[in-house]
4 protein chains.
Amino acid sequence: MKFSVNSSLHYDVTGPGTLVCSLSCIQTQGQQVTNESLLTSREVNRTDLWVSLVANHFTKLDITEVGPLRIDYSAEVTTSPEVVEAASLGNSASQKLDADAIPYLFPSRYVPSDRLRYLSSELFGHLNSPYAQAMAVEDWLAEHLTYTPGSSNEYSWALDTYTSGEGVCRDFAHLGIGFCRALTIPARYLTVYAYQLDPPDFHAVFEVYIDGMWYLIDGTRKAPLNGMIRIATGRDAGDAAVATIFGSIIGQEITVATAFLPETPDKTFIPITREDLRRDGMALFLG
Amino acid sequence: MKFSVNSSLHYDVTGPGTLVCSLSCIQTQGQQVTNESLLTSREVNRTDLWVSLVANHFTKLDITEVGPLRIDYSAEVTTSPEVVEAASLGNSASQKLDADAIPYLFPSRYVPSDRLRYLSSELFGHLNSPYAQAMAVEDWLAEHLTYTPGSSNEYSWALDTYTSGEGVCRDFAHLGIGFCRALTIPARYLTVYAYQLDPPDFHAVFEVYIDGMWYLIDGTRKAPLNGMIRIATGRDAGDAAVATIFGSIIGQEITVATAFLPETPDKTFIPITREDLRRDGMALFLG
Amino acid sequence: MKFSVNSSLHYDVTGPGTLVCSLSCIQTQGQQVTNESLLTSREVNRTDLWVSLVANHFTKLDITEVGPLRIDYSAEVTTSPEVVEAASLGNSASQKLDADAIPYLFPSRYVPSDRLRYLSSELFGHLNSPYAQAMAVEDWLAEHLTYTPGSSNEYSWALDTYTSGEGVCRDFAHLGIGFCRALTIPARYLTVYAYQLDPPDFHAVFEVYIDGMWYLIDGTRKAPLNGMIRIATGRDAGDAAVATIFGSIIGQEITVATAFLPETPDKTFIPITREDLRRDGMALFLG
Amino acid sequence: MKFSVNSSLHYDVTGPGTLVCSLSCIQTQGQQVTNESLLTSREVNRTDLWVSLVANHFTKLDITEVGPLRIDYSAEVTTSPEVVEAASLGNSASQKLDADAIPYLFPSRYVPSDRLRYLSSELFGHLNSPYAQAMAVEDWLAEHLTYTPGSSNEYSWALDTYTSGEGVCRDFAHLGIGFCRALTIPARYLTVYAYQLDPPDFHAVFEVYIDGMWYLIDGTRKAPLNGMIRIATGRDAGDAAVATIFGSIIGQEITVATAFLPETPDKTFIPITREDLRRDGMALFLG
């Protein structure tokens, strides 16, 4: 499937500062990026970095002149999410752990999984496979949390979300990741462009590592699982923020647009939801 | 210089569980490991993993039988810490940032650097080079924090240390890393064997990234800087814990010993402290 | 019923400081105190204060000389806890609120009831009377929390207890009070001498305000409800601490003893537990 | 001096709920209230309560019908703030402590003074009288904190304000109270109507207890100290909120107006600021 993505970030620069941006889609086995451009509304000192540690493409902008700054990104991205049989998924995450998944077992800034051990065990400890647990976590998020714009802030972590029962996509993902890590299931955060997300915006979901593959989870259930386009991957929103600000730079506005581009053989977009996958006993991974 | 290191971890296993251990010294340009052994007091399912994401050697132990368990590690390690001129260190961390250092700018579980921006700027913002700032951070830690065993716990983060004014080596490192990241200086956590540390124990210090090199910092000033032997490196203690417990395993006792092995040309150990480095205008990196 | 109570607090004074002690039993309609003494092992500047705001008897000790200090308290206390029919308890706390109970609806240091609204509503919102809710809260504490000495510290608040699933009597009380306040039931903290508590120590329980009376709740279920002797009452442990330290004073040791004194007509102590009260449809208040 | 005060609170009631309002000015030795009215835009079940525990006049509104609700308060208030010589203020708060001031030494929901002991001692411990310390606290707040609307939320506590360096009047007061309590100076929170506050709103300040009197402090320095009209007093904003919501009630809008009413002998309002008081060596209390 082919999508076009566009996003625009507006800032007010009130003094020297640095922006570490991560709004470019990355190239993976399951995702090809073409016609890509990232433009700034005025000339700034720019460095592009591909960070293997978290597999992201960062664009670092060092800005010395004050005034407004706009960053425009656009690309065409061809994705090939795969749907596989869930029944084949193994019975113990801890027994088939790849080295590179280990860091995703550890607690991180917004995901204090060390403090979610008791709650995870109470809620999901009775289930006997990591995949069953991950599915139960997604259900729990969808049933217990209310999606409430403005209910959280940049400092909110998974414990706040649990306590308040509300949040936005970032918070849903953080709490879900926390439950999974506490259950010894590696879990990582994903910032995506999401087709058919309403209203259009960046979206946050997560992936769990089971038997050597990363499966997609979205407790918000606000967009089709096969319309996600990977931007950044990391431990949590701290790693995979669209932009991290250092210095005197103030965020003003964000616009995002994701469109489907009909192509042979994918002439129309056929959405796949968790309900669809469940009915067929399937799981989805982005690749 | 050559050292022998020994450590022993004692556990009580009360149900099935997994231990992810990181007590083996790693092989680096500045560190060679020989005669290494990691033994368990009884047979357990063991996997060794070299995780590039955080550059560590993890030993994963899956344990099904209850009862006591002891893990004994020993090795001989030859280190070659380098002392370089501090005067040559650059004036802006943000301008010469390597890709792999970027994740060490982000907040982590015990280092909420996003919430230390104001305090860091108040305390160190007037200094005009990252190296001067890092040195001021080390001084601040040494002057303001009291080393108090038992004053913190496994959940304590850098804000707690700032507020209480006390902690152990782990807490000193977390707060120092937090200040540095908030100042746009990449900083990472290091678990080490430390020669002449009294009483003998694992030790935690940190490294700051300036002009392409990682320089050693130790706000506790409890051991010579050139007697550190690298075990694990990471964002914070969550990445570089000597052992992370999943399941029903209870820590009991830890013993650690580090000895100097005289060899030509290093027949005696000549300790290097921050005071020595300062007097000569030098900085130290472990390699 | 008549009890003798004894307690002894040992301190090391390392510099000038003030101790605000609250270990004297108070005189109430339901409790008479005789043969009372509070002695210090050496002469210190002492003031006795009866604070109506929290209904406690504070002893303020201003200490200028360093060295060990012991405080010994003893008294004989006659209590007359009342057992009343629970069936008569009203259906809405908020409709029959006395003025003096209002402050016990507000959040306090260790009881952030403002952040427990969602969880309380999820867990107890379906129950249709404040008494039914309060009983469900006590059951929840008894069933979900593990009594684990050393699992919490002086800074732990009700959210920590919820998250970790463990604590000591103080933590059980704080979380129970938080649930109740969030349900619009005034709830207050009580420090008591508790007969038959094993091992002997001070104990913490709480009271809920329903229809003009304060009913006793103890989620730990570690001592008979009719063997409690009121020391201090307040919003939480911050108000009702046995001793609050200002300055350079270090706590060393505490010993507590509570004995039953046979008298006509109460020649033996017949313990009353929640189970007994439930079976008979009764509730207990200390007076 | 005579003032007229008006305030209006707008709510949307979406289900049954209770509002505990505290927007009526209270009658004290230093403050007379006349022509007072508190009206609701529709009939609701109303109870007026005078709570001695925190010295406030609460109006409890039990609301069963959904829909908009407006509460209008107006009154004329004559105040007589007193200005006294600061030089006469004593040297040790802890030595002349009245019983009723004791609870204002304890930590509360938004003022964890137990966790501010180290910082208070570092910042203000060298000063040798409670009045000098209180003045230094006010200066510190004025110099270090930035008044930033929207920078905090209903859950923010004094540690957040310290860490972020910004807040609104409530946050300034909480942090100031925390420093004072940690220094053994009783301190309490005050919600007031403040003449010449710009833009007009409720205001929050605090009082410190020294030698038997409560002196006014305002780290925001946003309004004259002699134009404050006392509404509610308490441990912190949890006690002295203008309205505490239980149930399904959503705040919409607040309007506040405070006017000076010329009268013999006070025909004009002559503002008194801290600067004025300092120059003359004076302190102010509201009575």
# chains A, B, ... in the order shown; residues from 1 in each chain; ligands from 1
>>> interface_residues(of="chain B", to="chain C", cutoff="12 Å", atoms="only C-alpha atoms", output="PyMOL selection string")
chain B and resi 150-156+160+164
>>> residues_around(residues="region 193-205 of chain C", least_positions_apart="3", cutoff="7 Å", atoms="only C-alpha atoms", output="ChimeraX atom specification")
/C:169-170,173,189-190,217-218,222-223,227-230,255-259
>>> write_last_selection(atoms="N, CA and C atoms", output="short mmCIF file (atom, residue, chain, number, x, y, z; two decimals), in the first residue's frame")
data_model
loop_
_atom_site.label_atom_id
_atom_site.label_comp_id
_atom_site.auth_asym_id
_atom_site.auth_seq_id
_atom_site.Cartn_x
_atom_site.Cartn_y
_atom_site.Cartn_z
N CYS C 169 0.72 -0.79 58.74
CA CYS C 169 -0.60 -0.33 59.17
C CYS C 169 -0.87 1.10 58.71
N ARG C 170 0.13 1.94 58.79
CA ARG C 170 0.01 3.33 58.35
C ARG C 170 -0.41 3.43 56.88
N ALA C 173 -4.03 2.31 56.32
CA ALA C 173 -4.96 3.37 56.73
C ALA C 173 -5.00 4.49 55.69
N TYR C 189 -7.49 9.63 60.39
CA TYR C 189 -6.42 8.70 60.79
C TYR C 189 -6.33 8.66 62.31
N LEU C 190 -6.02 7.51 62.85
CA LEU C 190 -6.00 7.30 64.29
C LEU C 190 -4.72 6.55 64.67
N ILE C 217 -12.39 1.45 61.43
CA ILE C 217 -12.03 0.55 60.33
C ILE C 217 -10.58 0.13 60.50
N ASP C 218 -10.26 -1.12 60.24
CA ASP C 218 -8.87 -1.58 60.29
C ASP C 218 -8.63 -2.63 59.21
N LYS C 222 -5.31 -6.90 62.33
CA LYS C 222 -4.26 -7.49 63.14
C LYS C 222 -4.54 -7.41 64.63
N ALA C 223 -5.63 -6.75 65.04
CA ALA C 223 -5.91 -6.65 66.47
C ALA C 223 -7.42 -6.50 66.66
N GLY C 227 -10.07 -3.34 71.41
CA GLY C 227 -8.90 -3.17 72.28
C GLY C 227 -8.05 -1.97 71.88
N MET C 228 -8.63 -1.04 71.13
CA MET C 228 -7.88 0.12 70.64
C MET C 228 -7.98 1.27 71.66
N ILE C 229 -6.87 1.91 71.96
CA ILE C 229 -6.85 3.04 72.88
C ILE C 229 -6.32 4.25 72.12
N ARG C 230 -7.17 5.26 71.99
CA ARG C 230 -6.89 6.41 71.13
C ARG C 230 -5.72 7.25 71.67
N THR C 255 9.72 1.05 72.23
CA THR C 255 9.08 -0.13 72.81
C THR C 255 7.69 0.26 73.28
N VAL C 256 6.77 -0.67 73.14
CA VAL C 256 5.36 -0.42 73.47
C VAL C 256 4.81 -1.65 74.17
N ALA C 257 4.02 -1.43 75.20
CA ALA C 257 3.35 -2.55 75.87
C ALA C 257 1.93 -2.15 76.23
N THR C 258 0.99 -3.01 75.97
CA THR C 258 -0.41 -2.76 76.32
C THR C 258 -0.94 -3.99 77.06
N ALA C 259 -1.47 -3.78 78.25
CA ALA C 259 -1.96 -4.92 79.03
C ALA C 259 -3.42 -4.69 79.44
#
>>> residues_around(residues="Arg42 (chain A)", least_positions_apart="5", cutoff="12 Å", atoms="only C-alpha atoms", output="ChimeraX atom specification")
/A:10-11,13,61-72
>>> write_last_selection(atoms="N, CA and C atoms", output="PDB file, in the first residue's frame")
ATOM      1  N   HIS A  10       5.356  24.263  13.585  1.00  0.00           N
ATOM      2  CA  HIS A  10       5.603  25.707  13.670  1.00  0.00           C
ATOM      3  C   HIS A  10       6.194  26.049  15.035  1.00  0.00           C
ATOM      4  N   TYR A  11       7.272  26.825  15.032  1.00  0.00           N
ATOM      5  CA  TYR A  11       7.916  27.208  16.289  1.00  0.00           C
ATOM      6  C   TYR A  11       8.122  28.704  16.354  1.00  0.00           C
ATOM      7  N   VAL A  13      11.118  30.893  17.831  1.00  0.00           N
ATOM      8  CA  VAL A  13      12.462  30.825  18.400  1.00  0.00           C
ATOM      9  C   VAL A  13      12.722  32.152  19.122  1.00  0.00           C
ATOM     10  N   LEU A  61      18.592  20.424  14.203  1.00  0.00           N
ATOM     11  CA  LEU A  61      18.608  21.790  13.701  1.00  0.00           C
ATOM     12  C   LEU A  61      19.158  22.706  14.778  1.00  0.00           C
ATOM     13  N   ASP A  62      20.261  23.359  14.489  1.00  0.00           N
ATOM     14  CA  ASP A  62      20.829  24.329  15.430  1.00  0.00           C
ATOM     15  C   ASP A  62      20.469  25.711  14.956  1.00  0.00           C
ATOM     16  N   ILE A  63      19.798  26.445  15.809  1.00  0.00           N
ATOM     17  CA  ILE A  63      19.193  27.703  15.379  1.00  0.00           C
ATOM     18  C   ILE A  63      19.753  28.836  16.220  1.00  0.00           C
ATOM     19  N   THR A  64      20.246  29.849  15.572  1.00  0.00           N
ATOM     20  CA  THR A  64      20.814  30.960  16.327  1.00  0.00           C
ATOM     21  C   THR A  64      19.959  32.209  16.210  1.00  0.00           C
ATOM     22  N   GLU A  65      19.225  32.345  15.068  1.00  0.00           N
ATOM     23  CA  GLU A  65      18.441  33.556  14.882  1.00  0.00           C
ATOM     24  C   GLU A  65      17.035  33.393  15.431  1.00  0.00           C
ATOM     25  N   VAL A  66      16.570  34.389  16.171  1.00  0.00           N
ATOM     26  CA  VAL A  66      15.207  34.313  16.710  1.00  0.00           C
ATOM     27  C   VAL A  66      14.197  34.562  15.594  1.00  0.00           C
ATOM     28  N   GLY A  67      12.920  34.277  15.899  1.00  0.00           N
ATOM     29  CA  GLY A  67      11.847  34.484  14.927  1.00  0.00           C
ATOM     30  C   GLY A  67      11.110  33.189  14.663  1.00  0.00           C
ATOM     31  N   PRO A  68      10.046  33.241  13.860  1.00  0.00           N
ATOM     32  CA  PRO A  68       9.273  32.037  13.570  1.00  0.00           C
ATOM     33  C   PRO A  68      10.096  31.039  12.762  1.00  0.00           C
ATOM     34  N   LEU A  69       9.781  29.785  12.907  1.00  0.00           N
ATOM     35  CA  LEU A  69      10.428  28.725  12.135  1.00  0.00           C
ATOM     36  C   LEU A  69       9.387  27.659  11.816  1.00  0.00           C
ATOM     37  N   ARG A  70       9.321  27.263  10.554  1.00  0.00           N
ATOM     38  CA  ARG A  70       8.386  26.197  10.190  1.00  0.00           C
ATOM     39  C   ARG A  70       9.184  25.057   9.566  1.00  0.00           C
ATOM     40  N   ILE A  71       8.827  23.847   9.895  1.00  0.00           N
ATOM     41  CA  ILE A  71       9.474  22.662   9.321  1.00  0.00           C
ATOM     42  C   ILE A  71       8.406  21.877   8.575  1.00  0.00           C
ATOM     43  N   ASP A  72       8.645  21.624   7.301  1.00  0.00           N
ATOM     44  CA  ASP A  72       7.664  20.888   6.492  1.00  0.00           C
ATOM     45  C   ASP A  72       8.253  19.570   6.032  1.00  0.00           C
TER      46      ASP A  72
END
>>> select_by_dssp(residues="region 22-192 of chain B", states="helix (DSSP H, G or I)", output="number ranges by chain")
B: 86-88, 93-95, 99-105, 113-115, 117-124, 130-144, 158-164, 169-182
>>> residues_around(residues="Tyr215 (chain C)", least_positions_apart="3", cutoff="9 Å", atoms="only C-alpha atoms", output="ChimeraX atom specification")
/C:206-210,283-286
>>> residues_around(residues="Ala134 (chain B)", least_positions_apart="4", cutoff="10 Å", atoms="only C-alpha atoms", output="PyMOL selection string")
chain B and resi 124+127+129-130+138-140+176-177+179-180+183+185+187+207-210+215-217
>>> write_last_selection(atoms="C-alpha atoms", output="CSV table (one decimal), in the first residue's frame")
chain,number,residue,atom,x,y,z
B,124,PHE,CA,25.3,25.8,35.4
B,127,LEU,CA,29.4,28.4,32.2
B,129,SER,CA,31.7,25.2,27.6
B,130,PRO,CA,30.3,21.7,28.1
B,138,GLU,CA,31.0,17.0,39.5
B,139,ASP,CA,31.9,19.7,42.0
B,140,TRP,CA,28.3,20.4,42.8
B,176,GLY,CA,24.8,14.3,37.5
B,177,ILE,CA,23.6,12.7,34.3
B,179,PHE,CA,22.0,18.0,35.0
B,180,CYS,CA,24.3,17.2,32.0
B,183,LEU,CA,22.4,21.1,29.5
B,185,ILE,CA,25.5,17.2,27.1
B,187,ALA,CA,25.7,11.5,29.6
B,207,GLU,CA,30.5,9.6,31.4
B,208,VAL,CA,29.9,12.8,29.4
B,209,TYR,CA,30.2,13.0,25.7
B,210,ILE,CA,32.3,16.0,24.5
B,215,TYR,CA,35.0,11.5,29.8
B,216,LEU,CA,34.7,9.9,33.2
B,217,ILE,CA,33.0,11.7,36.1
>>> residues_around(residues="Val77 (chain D)", least_positions_apart="6", cutoff="10 Å", atoms="only C-alpha atoms", output="ChimeraX atom specification")
/D:1-5,25-27,31-36,229-230,260-261
>>> select_by_dssp(residues="region 37-273 of chain C", states="strand (DSSP E or B)", output="JSON, numbers by chain")
{"C": [37, 38, 39, 40, 45, 46, 47, 48, 49, 50, 51, 56, 57, 58, 59, 60, 61, 62, 63, 67, 68, 69, 70, 71, 72, 73, 74, 75, 76, 77, 78, 79, 82, 83, 84, 85, 108, 111, 146, 147, 166, 167, 187, 188, 189, 190, 191, 192, 193, 194, 202, 203, 204, 205, 206, 207, 208, 209, 210, 213, 214, 215, 216, 217, 228, 229, 230, 231, 232, 233, 234, 243, 244, 245, 246, 247, 248, 249, 250, 251, 252, 253, 254, 255, 256, 257, 258, 259, 260, 261]}
>>> closest_residue(among="C:Glu85, C:Asp236, C:Glu76, C:Asp12", to="Pro107 (chain D)", atoms="only C-alpha atoms")
C:Asp236
>>> closest_residue(among="B:Pro112, B:Pro81, B:Pro262, B:Gly17", to="Arg181 (chain B)", atoms="only C-alpha atoms")
B:Pro112
>>> atom_distance(atom1="CA of Thr191 (chain D)", atom2="CA of Ile231 (chain D)")
5.5 Å
>>> closest_residue(among="D:Leu175, D:Leu123, D:Met213, D:Val84", to="Ala101 (chain D)", atoms="only C-alpha atoms")
D:Met213
